[in-house]
>>> print(open('protein_2.txt').read())   # compact mmCIF, N, CA and C atoms
# COMPACT_ATOMS: atom_id res chain seq x y z
N MET A 1 -4.14 69.95 20.74
CA MET A 1 -4.84 69.60 19.51
C MET A 1 -3.80 69.37 18.42
N TYR A 2 -4.06 68.40 17.58
CA TYR A 2 -3.16 68.06 16.49
C TYR A 2 -3.88 68.26 15.16
N LYS A 3 -3.08 68.36 14.09
CA LYS A 3 -3.64 68.52 12.75
C LYS A 3 -2.96 67.53 11.82
N ILE A 4 -3.72 67.07 10.82
CA ILE A 4 -3.18 66.16 9.82
C ILE A 4 -3.93 66.37 8.51
N ARG A 5 -3.24 66.13 7.40
CA ARG A 5 -3.85 66.25 6.08
C ARG A 5 -3.73 64.90 5.39
N GLY A 6 -4.79 64.50 4.70
CA GLY A 6 -4.74 63.23 4.00
C GLY A 6 -5.93 63.00 3.10
N LYS A 7 -5.90 61.87 2.44
CA LYS A 7 -6.95 61.45 1.50
C LYS A 7 -7.79 60.37 2.18
N ILE A 8 -9.10 60.54 2.16
CA ILE A 8 -10.00 59.55 2.76
C ILE A 8 -9.95 58.27 1.93
N ILE A 9 -9.62 57.15 2.59
CA ILE A 9 -9.61 55.86 1.91
C ILE A 9 -10.70 54.91 2.42
N ASP A 10 -11.32 55.25 3.56
CA ASP A 10 -12.41 54.41 4.07
C ASP A 10 -13.24 55.19 5.09
N ILE A 11 -14.54 54.93 5.07
CA ILE A 11 -15.48 55.50 6.05
C ILE A 11 -16.40 54.38 6.49
N LYS A 12 -16.49 54.18 7.81
CA LYS A 12 -17.38 53.15 8.35
C LYS A 12 -18.23 53.74 9.45
N ASN A 13 -19.47 53.30 9.52
CA ASN A 13 -20.37 53.69 10.61
C ASN A 13 -20.68 52.45 11.43
N GLU A 14 -20.82 52.66 12.73
CA GLU A 14 -21.10 51.56 13.65
C GLU A 14 -22.14 52.01 14.66
N THR A 15 -23.07 51.13 14.96
CA THR A 15 -24.05 51.39 16.02
C THR A 15 -23.74 50.45 17.17
N ILE A 16 -23.59 51.03 18.35
CA ILE A 16 -23.24 50.28 19.55
C ILE A 16 -24.45 50.28 20.49
N THR A 17 -24.79 49.11 21.01
CA THR A 17 -25.89 49.00 21.97
C THR A 17 -25.31 48.69 23.35
N SER A 18 -25.63 49.54 24.32
CA SER A 18 -25.11 49.34 25.69
C SER A 18 -25.91 48.23 26.39
N LYS A 19 -25.42 47.83 27.55
CA LYS A 19 -26.13 46.81 28.33
C LYS A 19 -27.52 47.28 28.73
N ALA A 20 -27.69 48.59 28.87
CA ALA A 20 -28.98 49.17 29.24
C ALA A 20 -29.93 49.29 28.04
N GLY A 21 -29.42 48.99 26.83
CA GLY A 21 -30.25 49.05 25.64
C GLY A 21 -30.16 50.37 24.89
N ASP A 22 -29.34 51.31 25.39
CA ASP A 22 -29.16 52.58 24.69
C ASP A 22 -28.27 52.37 23.47
N GLN A 23 -28.57 53.11 22.39
CA GLN A 23 -27.77 52.98 21.18
C GLN A 23 -26.94 54.23 20.95
N PHE A 24 -25.71 54.02 20.51
CA PHE A 24 -24.78 55.10 20.21
C PHE A 24 -24.21 54.88 18.83
N GLU A 25 -23.90 55.97 18.15
CA GLU A 25 -23.30 55.87 16.83
C GLU A 25 -21.85 56.29 16.87
N LYS A 26 -21.06 55.63 16.03
CA LYS A 26 -19.64 55.90 15.92
C LYS A 26 -19.28 55.89 14.44
N MET A 27 -18.43 56.83 14.02
CA MET A 27 -17.95 56.85 12.65
C MET A 27 -16.43 56.73 12.68
N TYR A 28 -15.91 55.89 11.79
CA TYR A 28 -14.47 55.73 11.63
C TYR A 28 -14.08 56.29 10.27
N ILE A 29 -13.08 57.16 10.24
CA ILE A 29 -12.57 57.73 9.00
C ILE A 29 -11.10 57.34 8.90
N THR A 30 -10.76 56.65 7.82
CA THR A 30 -9.38 56.23 7.60
C THR A 30 -8.80 57.07 6.47
N ILE A 31 -7.62 57.66 6.74
CA ILE A 31 -6.98 58.49 5.73
C ILE A 31 -5.56 58.02 5.48
N GLU A 32 -5.09 58.33 4.28
CA GLU A 32 -3.68 58.13 3.96
C GLU A 32 -3.02 59.49 4.06
N GLU A 33 -2.06 59.61 4.96
CA GLU A 33 -1.40 60.88 5.21
C GLU A 33 -0.59 61.31 3.99
N THR A 34 -0.66 62.59 3.65
CA THR A 34 -0.01 63.06 2.43
C THR A 34 1.14 64.03 2.68
N ASN A 35 1.32 64.51 3.88
CA ASN A 35 2.33 65.54 4.13
C ASN A 35 3.65 65.01 4.66
N SER A 36 3.72 63.75 5.04
CA SER A 36 4.92 63.26 5.73
C SER A 36 5.98 62.67 4.80
N GLY A 37 5.63 62.33 3.58
CA GLY A 37 6.57 61.67 2.70
C GLY A 37 6.58 60.16 2.89
N PHE A 38 5.79 59.67 3.83
CA PHE A 38 5.65 58.23 4.07
C PHE A 38 4.21 57.83 3.81
N ASP A 39 3.97 56.55 3.63
CA ASP A 39 2.61 56.06 3.40
C ASP A 39 1.94 55.68 4.72
N HIS A 40 1.74 56.64 5.59
CA HIS A 40 1.09 56.38 6.86
C HIS A 40 -0.41 56.37 6.68
N ILE A 41 -1.05 55.39 7.28
CA ILE A 41 -2.51 55.30 7.26
C ILE A 41 -2.97 55.44 8.71
N GLN A 42 -3.91 56.35 8.93
CA GLN A 42 -4.42 56.63 10.28
C GLN A 42 -5.93 56.48 10.29
N GLN A 43 -6.47 55.99 11.40
CA GLN A 43 -7.93 55.90 11.54
C GLN A 43 -8.36 56.82 12.68
N PHE A 44 -9.41 57.59 12.41
CA PHE A 44 -9.95 58.56 13.36
C PHE A 44 -11.37 58.18 13.72
N GLU A 45 -11.80 58.57 14.92
CA GLU A 45 -13.15 58.26 15.40
C GLU A 45 -13.94 59.53 15.65
N ILE A 46 -15.24 59.42 15.38
CA ILE A 46 -16.20 60.44 15.79
C ILE A 46 -17.27 59.69 16.56
N PHE A 47 -17.54 60.11 17.80
CA PHE A 47 -18.49 59.40 18.66
C PHE A 47 -19.74 60.23 18.89
N GLY A 48 -20.90 59.62 18.68
CA GLY A 48 -22.17 60.26 18.95
C GLY A 48 -22.84 60.81 17.70
N LYS A 49 -24.12 60.56 17.57
CA LYS A 49 -24.88 60.98 16.39
C LYS A 49 -24.82 62.50 16.19
N GLU A 50 -25.02 63.26 17.26
CA GLU A 50 -24.99 64.72 17.16
C GLU A 50 -23.61 65.23 16.74
N THR A 51 -22.57 64.63 17.30
CA THR A 51 -21.21 65.04 16.94
C THR A 51 -20.93 64.74 15.48
N ILE A 52 -21.34 63.57 15.01
CA ILE A 52 -21.16 63.20 13.61
C ILE A 52 -21.88 64.21 12.72
N GLU A 53 -23.13 64.53 13.06
CA GLU A 53 -23.90 65.49 12.26
C GLU A 53 -23.26 66.88 12.29
N ASN A 54 -22.77 67.31 13.45
CA ASN A 54 -22.13 68.63 13.55
C ASN A 54 -20.84 68.70 12.74
N ILE A 55 -20.04 67.67 12.78
CA ILE A 55 -18.77 67.68 12.06
C ILE A 55 -19.00 67.59 10.56
N GLU A 56 -19.91 66.71 10.15
CA GLU A 56 -20.19 66.61 8.72
C GLU A 56 -20.91 67.84 8.20
N GLY A 57 -21.81 68.39 9.01
CA GLY A 57 -22.57 69.57 8.59
C GLY A 57 -23.29 69.31 7.29
N SER A 58 -23.22 70.26 6.39
CA SER A 58 -23.90 70.12 5.10
C SER A 58 -23.02 69.40 4.08
N LYS A 59 -21.75 69.20 4.42
CA LYS A 59 -20.84 68.54 3.49
C LYS A 59 -20.77 67.05 3.79
N LYS A 60 -20.89 66.23 2.78
CA LYS A 60 -20.84 64.78 2.95
C LYS A 60 -19.42 64.29 2.71
N LEU A 61 -18.90 63.53 3.65
CA LEU A 61 -17.56 62.96 3.49
C LEU A 61 -17.64 61.80 2.51
N ALA A 62 -16.60 61.66 1.66
CA ALA A 62 -16.59 60.60 0.65
C ALA A 62 -15.17 60.11 0.40
N HIS A 63 -15.06 58.88 -0.09
CA HIS A 63 -13.77 58.31 -0.45
C HIS A 63 -13.10 59.21 -1.49
N GLY A 64 -11.79 59.36 -1.36
CA GLY A 64 -11.03 60.12 -2.33
C GLY A 64 -10.90 61.61 -2.02
N GLN A 65 -11.70 62.12 -1.08
CA GLN A 65 -11.60 63.53 -0.74
C GLN A 65 -10.33 63.79 0.07
N PHE A 66 -9.73 64.97 -0.16
CA PHE A 66 -8.61 65.40 0.66
C PHE A 66 -9.16 66.24 1.80
N VAL A 67 -8.72 65.94 3.02
CA VAL A 67 -9.24 66.61 4.20
C VAL A 67 -8.12 67.05 5.13
N ASN A 68 -8.40 68.07 5.90
CA ASN A 68 -7.55 68.50 7.01
C ASN A 68 -8.35 68.18 8.27
N ILE A 69 -7.76 67.40 9.16
CA ILE A 69 -8.46 66.95 10.37
C ILE A 69 -7.79 67.55 11.60
N ASP A 70 -8.59 68.16 12.47
CA ASP A 70 -8.16 68.58 13.80
C ASP A 70 -8.57 67.46 14.74
N PHE A 71 -7.64 66.97 15.56
CA PHE A 71 -7.95 65.83 16.42
C PHE A 71 -7.19 65.91 17.74
N TYR A 72 -7.63 65.07 18.67
CA TYR A 72 -6.93 64.92 19.94
C TYR A 72 -6.80 63.43 20.22
N ILE A 73 -5.90 63.08 21.10
CA ILE A 73 -5.66 61.68 21.44
C ILE A 73 -6.37 61.35 22.74
N LYS A 74 -7.18 60.31 22.69
CA LYS A 74 -7.91 59.86 23.88
C LYS A 74 -7.36 58.50 24.28
N SER A 75 -7.09 58.33 25.57
CA SER A 75 -6.52 57.10 26.07
C SER A 75 -7.44 56.50 27.14
N ARG A 76 -7.63 55.19 27.07
CA ARG A 76 -8.46 54.49 28.05
C ARG A 76 -7.68 53.29 28.60
N GLU A 77 -7.88 53.03 29.88
CA GLU A 77 -7.26 51.87 30.51
C GLU A 77 -8.31 50.79 30.68
N PHE A 78 -7.95 49.54 30.34
CA PHE A 78 -8.84 48.41 30.52
C PHE A 78 -8.00 47.21 30.92
N LYS A 79 -8.22 46.72 32.12
CA LYS A 79 -7.52 45.56 32.65
C LYS A 79 -6.00 45.70 32.55
N GLY A 80 -5.51 46.88 32.93
CA GLY A 80 -4.07 47.10 32.98
C GLY A 80 -3.42 47.47 31.66
N LYS A 81 -4.18 47.52 30.57
CA LYS A 81 -3.63 47.93 29.29
C LYS A 81 -4.27 49.24 28.87
N PHE A 82 -3.50 50.05 28.13
CA PHE A 82 -4.01 51.32 27.65
C PHE A 82 -4.30 51.24 26.16
N TYR A 83 -5.41 51.83 25.76
CA TYR A 83 -5.84 51.86 24.37
C TYR A 83 -6.02 53.32 23.96
N ASN A 84 -5.44 53.68 22.82
CA ASN A 84 -5.50 55.05 22.34
C ASN A 84 -6.42 55.16 21.13
N ALA A 85 -7.07 56.29 21.02
CA ALA A 85 -7.93 56.58 19.87
C ALA A 85 -7.66 58.01 19.42
N LEU A 86 -7.72 58.23 18.11
CA LEU A 86 -7.58 59.58 17.54
C LEU A 86 -8.98 60.11 17.32
N MET A 87 -9.39 61.08 18.14
CA MET A 87 -10.76 61.59 18.13
C MET A 87 -10.85 62.89 17.33
N VAL A 88 -11.77 62.92 16.37
CA VAL A 88 -11.92 64.09 15.49
C VAL A 88 -12.58 65.23 16.25
N LYS A 89 -11.98 66.41 16.12
CA LYS A 89 -12.56 67.64 16.66
C LYS A 89 -13.18 68.47 15.54
N GLY A 90 -12.59 68.39 14.34
CA GLY A 90 -13.12 69.12 13.20
C GLY A 90 -12.51 68.61 11.91
N ILE A 91 -13.25 68.75 10.81
CA ILE A 91 -12.77 68.32 9.49
C ILE A 91 -13.03 69.43 8.49
N HIS A 92 -12.01 69.72 7.69
CA HIS A 92 -12.16 70.68 6.60
C HIS A 92 -11.90 69.92 5.30
N ILE A 93 -12.90 69.89 4.40
CA ILE A 93 -12.74 69.24 3.11
C ILE A 93 -12.12 70.23 2.14
N GLU A 94 -11.01 69.83 1.52
CA GLU A 94 -10.35 70.70 0.54
C GLU A 94 -11.16 70.69 -0.75
N ASP A 95 -11.22 71.83 -1.40
CA ASP A 95 -11.92 71.85 -2.69
C ASP A 95 -10.99 71.33 -3.77
N SER A 96 -11.57 70.80 -4.84
CA SER A 96 -10.79 70.16 -5.89
C SER A 96 -9.88 71.14 -6.63
N VAL A 97 -10.25 72.41 -6.73
CA VAL A 97 -9.43 73.40 -7.42
C VAL A 97 -8.11 73.58 -6.69
N GLN A 98 -8.18 73.72 -5.36
CA GLN A 98 -6.97 73.89 -4.56
C GLN A 98 -6.08 72.65 -4.68
N ARG A 99 -6.64 71.46 -4.61
CA ARG A 99 -5.87 70.22 -4.65
C ARG A 99 -5.19 70.05 -6.01
N ILE A 100 -5.88 70.33 -7.11
CA ILE A 100 -5.30 70.19 -8.44
C ILE A 100 -4.10 71.12 -8.60
N SER A 101 -4.22 72.36 -8.17
CA SER A 101 -3.11 73.31 -8.30
C SER A 101 -1.92 72.87 -7.47
N GLU A 102 -2.14 72.28 -6.29
CA GLU A 102 -1.03 71.80 -5.47
C GLU A 102 -0.34 70.60 -6.11
N GLU A 103 -1.13 69.70 -6.70
CA GLU A 103 -0.56 68.48 -7.27
C GLU A 103 0.16 68.76 -8.58
N SER A 104 -0.23 69.78 -9.31
CA SER A 104 0.37 70.02 -10.60
C SER A 104 1.62 70.91 -10.52
N THR A 105 1.93 71.43 -9.35
CA THR A 105 3.12 72.24 -9.17
C THR A 105 4.35 71.33 -9.23
N PRO A 106 5.34 71.64 -10.09
CA PRO A 106 6.49 70.74 -10.24
C PRO A 106 7.45 70.74 -9.07
N PHE A 107 7.34 71.65 -8.11
CA PHE A 107 8.28 71.73 -7.00
C PHE A 107 7.64 71.39 -5.71
>>> encode(input="protein_2.txt", output="structure tokens")
Amino acid sequence: MYKIRGKIIDIKNETITSKAGDQFEKMYITIEETNSGFDHIQQFEIFGKETIENIEGSKKLAHGQFVNIDFYIKSREFKGKFYNALMVKGIHIEDSVQRISEESTPF
């Protein structure tokens, strides 16, 4: 399991319909990493309506929030090529009081 901290810069929801007609939900969360000293932008996935509801819980994710994300890397092979996805295991939204005190520290 991996961890990352960043600021949410985009949230997208997608509904996927299978060949059998079943529908699945997917959420994409894009963050700008804040701990590395570089301007890295990463996109994470949450698959399934229940998983999205469990991870969000009572807290609503929004642009501009600082979050700590627990994730794992999922790899799939398709026609001889591998595709990787960063799959969310858990999200912790930082409260604004904690973030302000961290940003205002001169060191």
>>> closest_atom_pairs(input="protein_2.txt", of="stretch 24-100 of chain A", to="stretch 1-7 of chain A", cutoff="6 Å", atoms="all atoms listed in the file", output="tab-separated table")
residue	atom	partner	partner_atom	distance
A:Thr30	C	A:Lys7	C	5.5
A:Ile31	CA	A:Lys7	C	4.1
A:Glu32	N	A:Lys7	C	4.0
A:Glu33	CA	A:Gly6	CA	4.3
A:Thr34	N	A:Gly6	CA	4.1
A:Asn35	N	A:Arg5	C	5.3
A:Gly64	C	A:Lys7	CA	5.3
A:Gln65	C	A:Lys7	CA	4.4
A:Phe66	CA	A:Gly6	C	4.3
A:Val67	N	A:Gly6	C	4.1
A:Asn68	CA	A:Arg5	CA	4.4
A:Ile69	N	A:Ile4	C	4.0
A:Asp70	CA	A:Tyr2	C	4.5
A:Phe71	N	A:Tyr2	C	4.0
A:Tyr72	N	A:Tyr2	N	5.0
>>> closest_atom_pairs(input="protein_2.txt", of="stretch 7-30 of chain A", to="stretch 41-54 of chain A", cutoff="6 Å", atoms="only N, CA and C atoms", output="Markdown table")
| residue | atom | partner | partner_atom | distance |
| --- | --- | --- | --- | --- |
| A:Phe24 | C | A:Gly48 | CA | 5.8 |
| A:Glu25 | C | A:Gly48 | N | 3.9 |
| A:Lys26 | CA | A:Ile46 | C | 4.5 |
| A:Met27 | C | A:Ile46 | N | 4.0 |
| A:Tyr28 | CA | A:Phe44 | C | 4.5 |
| A:Ile29 | C | A:Phe44 | N | 3.9 |
| A:Thr30 | CA | A:Gln43 | CA | 4.2 |
>>> atom_distance(input="protein_2.txt", atom1="atom CA of A:Glu56", atom2="atom C of A:Lys89")
10.0 Å
>>> select_by_dssp(input="protein_2.txt", residues="chain A", states="strand (DSSP E or B)", output="VMD selection string")
chain A and resid 2 to 17 23 to 33 41 to 47 66 to 78 81 to 93
>>> atom_distance(input="protein_2.txt", atom1="atom CA of A:Leu86", atom2="atom CA of A:Ile73")
4.8 Å
>>> atom_distance(input="protein_2.txt", atom1="atom C of A:His92", atom2="atom C of A:Asn13")
20.5 Å
